[in-house]
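Have a look at my_file.pdb; it's PDB, C-alpha atoms, pLDDT in the B column:
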ATOM      1  CA  MET A   1      45.359  68.794 107.444  1.00 46.00           C
ATOM      2  CA  GLU A   2      42.089  68.214 105.740  1.00 51.00           C
ATOM      3  CA  PRO A   3      40.859  70.522 102.971  1.00 57.00           C
ATOM      4  CA  THR A   4      38.264  72.118 105.237  1.00 63.00           C
ATOM      5  CA  GLU A   5      40.889  72.868 107.869  1.00 56.00           C
ATOM      6  CA  ILE A   6      43.137  74.478 105.267  1.00 54.00           C
ATOM      7  CA  LYS A   7      40.265  76.659 104.084  1.00 59.00           C
ATOM      8  CA  GLU A   8      39.437  77.671 107.669  1.00 62.00           C
ATOM      9  CA  PHE A   9      43.086  78.428 108.359  1.00 52.00           C
ATOM     10  CA  MET A  10      43.329  80.639 105.244  1.00 57.00           C
ATOM     11  CA  GLU A  11      40.175  82.487 106.261  1.00 63.00           C
ATOM     12  CA  GLU A  12      41.575  83.094 109.734  1.00 57.00           C
ATOM     13  CA  MET A  13      44.829  84.340 108.240  1.00 51.00           C
ATOM     14  CA  GLU A  14      42.974  86.774 105.985  1.00 59.00           C
ATOM     15  CA  LYS A  15      40.874  88.010 108.898  1.00 59.00           C
ATOM     16  CA  GLY A  16      44.039  88.553 110.942  1.00 54.00           C
ATOM     17  CA  GLY A  17      45.560  90.684 108.197  1.00 56.00           C
ATOM     18  CA  GLU A  18      48.108  88.076 107.134  1.00 59.00           C
ATOM     19  CA  HIS A  19      47.154  88.491 103.501  1.00 59.00           C
ATOM     20  CA  ALA A  20      48.338  92.102 103.651  1.00 63.00           C
ATOM     21  CA  MET A  21      51.703  90.974 105.021  1.00 75.00           C
ATOM     22  CA  LYS A  22      52.570  88.866 101.967  1.00 81.00           C
ATOM     23  CA  HIS A  23      54.473  91.769 100.403  1.00 83.00           C
ATOM     24  CA  VAL A  24      56.464  92.154 103.612  1.00 85.00           C
ATOM     25  CA  SER A  25      57.361  88.458 103.555  1.00 86.00           C
ATOM     26  CA  LEU A  26      58.359  88.730  99.907  1.00 88.00           C
ATOM     27  CA  ALA A  27      60.535  91.765 100.655  1.00 88.00           C
ATOM     28  CA  ILE A  28      62.213  89.884 103.511  1.00 89.00           C
ATOM     29  CA  SER A  29      62.938  86.971 101.185  1.00 90.00           C
ATOM     30  CA  ILE A  30      64.432  89.258  98.553  1.00 92.00           C
ATOM     31  CA  LEU A  31      66.526  91.056 101.172  1.00 92.00           C
ATOM     32  CA  ALA A  32      67.765  87.706 102.492  1.00 92.00           C
ATOM     33  CA  VAL A  33      68.852  86.660  99.000  1.00 93.00           C
ATOM     34  CA  LEU A  34      70.657  89.984  98.566  1.00 93.00           C
ATOM     35  CA  VAL A  35      72.413  89.481 101.904  1.00 93.00           C
ATOM     36  CA  ALA A  36      73.590  86.062 100.744  1.00 93.00           C
ATOM     37  CA  MET A  37      74.847  87.431  97.427  1.00 95.00           C
ATOM     38  CA  VAL A  38      76.695  90.363  98.989  1.00 94.00           C
ATOM     39  CA  THR A  39      78.175  88.045 101.624  1.00 94.00           C
ATOM     40  CA  VAL A  40      79.582  85.697  98.983  1.00 95.00           C
ATOM     41  CA  VAL A  41      81.027  88.537  96.912  1.00 94.00           C
ATOM     42  CA  GLY A  42      82.470  90.126 100.053  1.00 95.00           C
ATOM     43  CA  HIS A  43      84.131  86.892 101.121  1.00 95.00           C
ATOM     44  CA  ARG A  44      85.595  86.412  97.666  1.00 95.00           C
ATOM     45  CA  THR A  45      86.930  89.953  97.711  1.00 94.00           C
ATOM     46  CA  HIS A  46      88.552  89.367 101.110  1.00 94.00           C
ATOM     47  CA  THR A  47      90.121  86.187  99.730  1.00 95.00           C
ATOM     48  CA  GLU A  48      91.375  88.103  96.696  1.00 94.00           C
ATOM     49  CA  ALA A  49      92.965  90.694  98.989  1.00 94.00           C
ATOM     50  CA  ILE A  50      94.700  87.979 101.005  1.00 94.00           C
ATOM     51  CA  LEU A  51      96.022  86.261  97.892  1.00 94.00           C
ATOM     52  CA  LEU A  52      97.250  89.551  96.472  1.00 93.00           C
ATOM     53  CA  GLN A  53      98.941  90.340  99.782  1.00 94.00           C
ATOM     54  CA  GLU A  54     100.752  87.007  99.615  1.00 95.00           C
ATOM     55  CA  ARG A  55     101.859  87.744  96.060  1.00 93.00           C
ATOM     56  CA  ALA A  56     103.083  91.183  97.129  1.00 93.00           C
ATOM     57  CA  ALA A  57     105.020  89.634 100.021  1.00 93.00           C
ATOM     58  CA  ASP A  58     106.556  87.096  97.634  1.00 93.00           C
ATOM     59  CA  GLN A  59     107.491  89.905  95.274  1.00 92.00           C
ATOM     60  CA  TRP A  60     109.146  91.861  98.096  1.00 93.00           C
ATOM     61  CA  ASN A  61     110.986  88.690  99.147  1.00 92.00           C
ATOM     62  CA  GLN A  62     112.278  88.293  95.615  1.00 90.00           C
ATOM     63  CA  TYR A  63     113.357  91.947  95.615  1.00 89.00           C
ATOM     64  CA  GLN A  64     115.117  91.455  98.931  1.00 92.00           C
ATOM     65  CA  ALA A  65     116.881  88.287  97.730  1.00 90.00           C
ATOM     66  CA  LYS A  66     118.167  90.083  94.632  1.00 87.00           C
ATOM     67  CA  LYS A  67     119.232  93.061  96.713  1.00 89.00           C
ATOM     68  CA  ILE A  68     121.183  90.809  99.083  1.00 90.00           C
ATOM     69  CA  ARG A  69     122.779  88.998  96.143  1.00 87.00           C
ATOM     70  CA  GLN A  70     123.699  92.356  94.618  1.00 86.00           C
ATOM     71  CA  GLN A  71     125.265  93.572  97.852  1.00 89.00           C
ATOM     72  CA  GLN A  72     127.227  90.345  98.308  1.00 88.00           C
ATOM     73  CA  THR A  73     128.509  90.538  94.748  1.00 84.00           C
ATOM     74  CA  ALA A  74     129.468  94.191  95.229  1.00 83.00           C
ATOM     75  CA  LEU A  75     131.340  93.294  98.401  1.00 85.00           C
ATOM     76  CA  THR A  76     133.073  90.397  96.667  1.00 82.00           C
ATOM     77  CA  ALA A  77     134.038  92.676  93.766  1.00 81.00           C
ATOM     78  CA  ASP A  78     135.424  95.272  96.182  1.00 81.00           C
ATOM     79  CA  LEU A  79     137.429  92.672  98.058  1.00 80.00           C
ATOM     80  CA  LEU A  80     138.687  91.115  94.829  1.00 76.00           C
ATOM     81  CA  ALA A  81     139.825  94.524  93.577  1.00 77.00           C
ATOM     82  CA  LEU A  82     141.857  95.024  96.761  1.00 75.00           C
ATOM     83  CA  GLN A  83     143.571  91.615  96.697  1.00 77.00           C
ATOM     84  CA  PRO A  84     146.964  91.239  95.101  1.00 76.00           C
ATOM     85  CA  SER A  85     146.778  88.499  92.540  1.00 70.00           C
ATOM     86  CA  ALA A  86     149.185  86.371  90.612  1.00 56.00           C
ATOM     87  CA  LYS A  87     146.742  86.243  87.711  1.00 69.00           C
ATOM     88  CA  ASP A  88     145.761  89.895  87.357  1.00 80.00           C
ATOM     89  CA  GLU A  89     144.118  89.312  83.966  1.00 80.00           C
ATOM     90  CA  ASP A  90     141.789  86.645  85.419  1.00 76.00           C
ATOM     91  CA  THR A  91     140.965  88.928  88.337  1.00 78.00           C
ATOM     92  CA  GLN A  92     140.035  91.748  85.989  1.00 80.00           C
ATOM     93  CA  LYS A  93     137.798  89.406  83.960  1.00 82.00           C
ATOM     94  CA  LYS A  94     136.028  88.311  87.105  1.00 80.00           C
ATOM     95  CA  LEU A  95     135.640  91.918  88.259  1.00 82.00           C
ATOM     96  CA  ALA A  96     134.147  92.851  84.875  1.00 83.00           C
ATOM     97  CA  GLU A  97     131.743  89.926  85.160  1.00 85.00           C
ATOM     98  CA  TYR A  98     130.699  90.987  88.661  1.00 82.00           C
ATOM     99  CA  ARG A  99     130.215  94.592  87.584  1.00 83.00           C
ATOM    100  CA  ALA A 100     128.053  93.459  84.652  1.00 85.00           C
ATOM    101  CA  HIS A 101     125.896  91.490  87.092  1.00 82.00           C
ATOM    102  CA  LEU A 102     125.652  94.528  89.352  1.00 83.00           C
ATOM    103  CA  ALA A 103     124.509  96.755  86.489  1.00 84.00           C
ATOM    104  CA  LYS A 104     121.893  94.212  85.413  1.00 84.00           C
ATOM    105  CA  TRP A 105     120.637  93.836  88.975  1.00 85.00           C
ATOM    106  CA  ASP A 106     120.181  97.592  89.295  1.00 84.00           C
ATOM    107  CA  SER A 107     117.518  97.512  86.573  1.00 85.00           C
ATOM    108  CA  ASP A 108     116.098  94.214  87.851  1.00 87.00           C
ATOM    109  CA  LEU A 109     115.686  95.675  91.332  1.00 88.00           C
ATOM    110  CA  GLU A 110     113.732  98.632  89.985  1.00 89.00           C
ATOM    111  CA  THR A 111     111.432  96.257  88.090  1.00 89.00           C
ATOM    112  CA  GLU A 112     110.937  94.022  91.132  1.00 89.00           C
ATOM    113  CA  GLN A 113     110.178  97.018  93.318  1.00 90.00           C
ATOM    114  CA  GLU A 114     107.609  98.360  90.845  1.00 92.00           C
ATOM    115  CA  LYS A 115     105.898  94.968  90.634  1.00 90.00           C
ATOM    116  CA  ALA A 116     105.695  94.775  94.428  1.00 91.00           C
ATOM    117  CA  LYS A 117     104.281  98.295  94.683  1.00 91.00           C
ATOM    118  CA  ASP A 118     101.709  97.503  91.985  1.00 93.00           C
ATOM    119  CA  LEU A 119     100.619  94.407  93.898  1.00 92.00           C
ATOM    120  CA  GLU A 120     100.337  96.440  97.101  1.00 93.00           C
ATOM    121  CA  SER A 121      98.087  98.898  95.254  1.00 93.00           C
ATOM    122  CA  GLU A 122      95.895  96.013  94.127  1.00 93.00           C
ATOM    123  CA  VAL A 123      95.698  94.794  97.725  1.00 94.00           C
ATOM    124  CA  GLN A 124      94.522  98.203  98.896  1.00 94.00           C
ATOM    125  CA  LEU A 125      91.934  98.297  96.121  1.00 94.00           C
ATOM    126  CA  ALA A 126      90.593  94.845  97.043  1.00 94.00           C
ATOM    127  CA  GLU A 127      90.459  95.827 100.725  1.00 94.00           C
ATOM    128  CA  ARG A 128      88.485  98.994  99.918  1.00 94.00           C
ATOM    129  CA  ARG A 129      86.035  96.932  97.865  1.00 94.00           C
ATOM    130  CA  ALA A 130      85.735  94.346 100.629  1.00 94.00           C
ATOM    131  CA  SER A 131      84.973  97.088 103.158  1.00 94.00           C
ATOM    132  CA  ARG A 132      82.156  98.342 100.942  1.00 95.00           C
ATOM    133  CA  TYR A 133      80.704  94.854 100.705  1.00 95.00           C
ATOM    134  CA  ASP A 134      80.963  94.417 104.483  1.00 95.00           C
ATOM    135  CA  LEU A 135      79.020  97.592 105.240  1.00 95.00           C
ATOM    136  CA  GLY A 136      76.472  96.799 102.532  1.00 95.00           C
ATOM    137  CA  GLU A 137      76.014  93.332 104.002  1.00 95.00           C
ATOM    138  CA  ALA A 138      75.488  94.761 107.484  1.00 96.00           C
ATOM    139  CA  LEU A 139      72.885  97.232 106.221  1.00 95.00           C
ATOM    140  CA  LEU A 140      71.051  94.476 104.359  1.00 95.00           C
ATOM    141  CA  GLN A 141      71.045  92.273 107.458  1.00 95.00           C
ATOM    142  CA  ILE A 142      69.622  95.109 109.534  1.00 95.00           C
ATOM    143  CA  ALA A 143      66.997  95.634 106.827  1.00 94.00           C
ATOM    144  CA  VAL A 144      65.934  91.980 107.077  1.00 93.00           C
ATOM    145  CA  VAL A 145      65.561  92.289 110.850  1.00 93.00           C
ATOM    146  CA  LEU A 146      63.547  95.506 110.621  1.00 92.00           C
ATOM    147  CA  ALA A 147      61.266  94.100 107.949  1.00 90.00           C
ATOM    148  CA  SER A 148      60.782  91.003 110.112  1.00 89.00           C
ATOM    149  CA  ILE A 149      59.730  93.180 113.038  1.00 91.00           C
ATOM    150  CA  THR A 150      56.930  94.438 110.790  1.00 88.00           C
ATOM    151  CA  LEU A 151      55.432  90.943 110.795  1.00 84.00           C
ATOM    152  CA  LEU A 152      55.252  91.041 114.586  1.00 85.00           C
ATOM    153  CA  THR A 153      54.191  94.636 115.158  1.00 85.00           C
ATOM    154  CA  ARG A 154      52.170  95.319 111.992  1.00 83.00           C
ATOM    155  CA  SER A 155      53.861  98.729 111.942  1.00 84.00           C
ATOM    156  CA  LYS A 156      54.741  99.910 108.446  1.00 87.00           C
ATOM    157  CA  SER A 157      57.402 102.266 109.770  1.00 90.00           C
ATOM    158  CA  TYR A 158      59.700  99.291 110.467  1.00 90.00           C
ATOM    159  CA  TYR A 159      59.010  97.982 106.990  1.00 89.00           C
ATOM    160  CA  LEU A 160      59.756 101.303 105.302  1.00 91.00           C
ATOM    161  CA  PHE A 161      62.878 101.889 107.378  1.00 93.00           C
ATOM    162  CA  GLY A 162      64.010  98.336 106.611  1.00 93.00           C
ATOM    163  CA  LEU A 163      63.473  98.824 102.885  1.00 93.00           C
ATOM    164  CA  THR A 164      65.337 102.123 103.008  1.00 94.00           C
ATOM    165  CA  LEU A 165      68.311 100.485 104.720  1.00 94.00           C
ATOM    166  CA  GLY A 166      68.111  97.583 102.276  1.00 95.00           C
ATOM    167  CA  ILE A 167      68.283  99.895  99.291  1.00 95.00           C
ATOM    168  CA  LEU A 168      71.115 101.827 100.904  1.00 96.00           C
ATOM    169  CA  GLY A 169      72.979  98.575 101.610  1.00 95.00           C
ATOM    170  CA  LEU A 170      72.494  97.383  98.059  1.00 95.00           C
ATOM    171  CA  LEU A 171      73.699 100.700  96.615  1.00 95.00           C
ATOM    172  CA  TRP A 172      76.680 100.781  98.977  1.00 95.00           C
ATOM    173  CA  SER A 173      77.627  97.236  97.966  1.00 94.00           C
ATOM    174  CA  ALA A 174      77.223  98.063  94.300  1.00 94.00           C
ATOM    175  CA  SER A 175      79.494 101.085  94.753  1.00 94.00           C
ATOM    176  CA  ALA A 176      82.357  98.641  95.378  1.00 92.00           C
ATOM    177  CA  LEU A 177      82.239  97.849  91.667  1.00 92.00           C
ATOM    178  CA  LEU A 178      82.999 101.501  90.876  1.00 92.00           C
ATOM    179  CA  ILE A 179      86.246 101.573  92.874  1.00 87.00           C
ATOM    180  CA  LYS A 180      89.131 101.508  90.426  1.00 85.00           C
TER     181      LYS A 180
END

Written form, structure tokens:
Amino acid sequence: MEPTEIKEFMEEMEKGGEHAMKHVSLAISILAVLVAMVTVVGHRTHTEAILLQERAADQWNQYQAKKIRQQQTALTADLLALQPSAKDEDTQKKLAEYRAHLAKWDSDLETEQEKAKDLESEVQLAERRASRYDLGEALLQIAVVLASITLLTRSKSYYLFGLTLGILGLLWSASALLIK
């Protein structure tokens, strides 16, 4: 384009009211950036929830493995106590050893169970945060669309409704940070 054509184009844009729509375009750009930011944080929060869920599952697996080992040792101790033995002293030593393991595993199992429950609580927390980000993202996306409609219709009601939804989406997303 030549300089005179650019000047003519700018004059036509101003006559058509395009100059007044600059603030709408700026608002759309800001809303789009906010959508991108909330989307990234939401995705990271979903990933955090998945990773925590895997850790919780691993913790429950460890609990289950210890519980099975405890039950097998208890069964072995019971069977050993019922068996007649030529070396009764050795049998009693082994039974004492098994019972010591069983007592230790009782406390270990409680600890493992608490860890797993704590991880499950963290998963629920991350999922609640992720849900907040998802709804906030949706509201911001709707706000971008409504503000864009303003450029086509020149109706400020779409712009104002879009900004209202954008603010609501931003506040809703920010509320995820308050969930403890």

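Excluding A:His101 itself and same-chain residues fewer than 5 positions from it, the residues having an atom within 10 Å of it are A:Arg69, A:Gln70, A:Thr73, A:Ala74, A:Leu95, A:Ala96, A:Asp106, counting all atoms listed in the file.
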
Taking all atoms of stretch 48-62 of chain A that the file lists, what box with edges along x, y and z, padded by 6 Å per side, do you get, with centre and edge lengths in Å to one decimal, as lines of an AutoDock Vina configuration file?
center_x = 101.8
center_y = 89.1
center_z = 98.1
size_x = 32.9
size_y = 17.6
size_z = 17.7

Using the chain letters and numbers from the file, which residues does the PyMOL selection byres ((chain A and resi 52) around 8) grab, as number ranges by chain?
A: 48-51, 53-56, 119-120, 122-123

Determine, for each residue of stretch 31-89 of chain A having at least one atom at most 12 Å from an atom of stretch 128-135 of chain A, the closest pair of atoms and their separation in Å to one decimal, counting only C-alpha atoms; order by chain and ascending number, as CSV.
residue,atom,partner,partner_atom,distance
A:Leu34,CA,A:Tyr133,CA,11.4
A:Val35,CA,A:Tyr133,CA,10.0
A:Ala36,CA,A:Tyr133,CA,11.3
A:Met37,CA,A:Tyr133,CA,10.0
A:Val38,CA,A:Tyr133,CA,6.3
A:Thr39,CA,A:Tyr133,CA,7.3
A:Val40,CA,A:Tyr133,CA,9.4
A:Val41,CA,A:Tyr133,CA,7.4
A:Gly42,CA,A:Tyr133,CA,5.1
A:His43,CA,A:Ala130,CA,7.6
A:Arg44,CA,A:Ala130,CA,8.5
A:Thr45,CA,A:Ala130,CA,5.4
A:His46,CA,A:Ala130,CA,5.7
A:Thr47,CA,A:Ala130,CA,9.3
A:Glu48,CA,A:Ala130,CA,9.3
A:Ala49,CA,A:Ala130,CA,8.3
A:Ile50,CA,A:Ala130,CA,11.0

Q: Select, from A:Val144, A:Leu79, A:Leu160, A:Leu171, the residue with the minimum atom-to-atom distance to A:Val33, counting only C-alpha atoms.
A: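 Closest residue, counting only C-alpha atoms: A:Val144.
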
(message) Under the rule that only C-alpha atoms are counted, which of A:Leu102, A:Met21, A:Ala65, A:Ala176 is the nearest residue to A:Asp78?
(response)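 Nearest to A:Asp78: A:Leu102.
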
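Distances from A:Leu31, A:Asp90, A:Ala116, A:Lys67 to A:Thr164 were compared using all atoms listed in the file, and the smallest one belongs to A:Leu31.
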
### Residues in the PyMOL selection byres ((chain A and resi 63) around 12), expressed as a list of chain:residue names
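Written out, the selection comes to A:Ala56, A:Ala57, A:Asp58, A:Gln59, A:Trp60, A:Asn61, A:Gln62, A:Gln64, A:Ala65, A:Lys66, A:Lys67, A:Ile68, A:Arg69, A:Gln70, A:Trp105, A:Asp106, A:Ser107, A:Asp108, A:Leu109, A:Glu110, A:Thr111, A:Glu112, A:Gln113, A:Glu114, A:Lys115, A:Ala116, A:Lys117.
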
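The spacing separating atom CA of A:Gly136 from atom CA of A:Ser121 amounts to 22.9 Å.
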
Could you list, as a list of chain:residue names, every residue within 12 Å of A:Leu165, counting all atoms listed in the file and ignoring same-chain residues fewer than 5 positions away? A:Leu31, A:Leu135, A:Gly136, A:Glu137, A:Ala138, A:Leu139, A:Leu140, A:Gln141, A:Ile142, A:Ala143, A:Val144, A:Val145, A:Leu146, A:Ala147, A:Tyr158, A:Tyr159, A:Leu160, A:Leu170, A:Leu171, A:Trp172, A:Ser173

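Note that the spacing between atom CA of A:Leu178 and atom CA of A:Phe161 amounts to 26.0 Å.
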
For atom CA of A:Glu127 and atom CA of A:Leu177, the interatomic separation in Å (one decimal):
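Atom-to-atom, atom CA of A:Glu127 to atom CA of A:Leu177, that is 12.4 Å.
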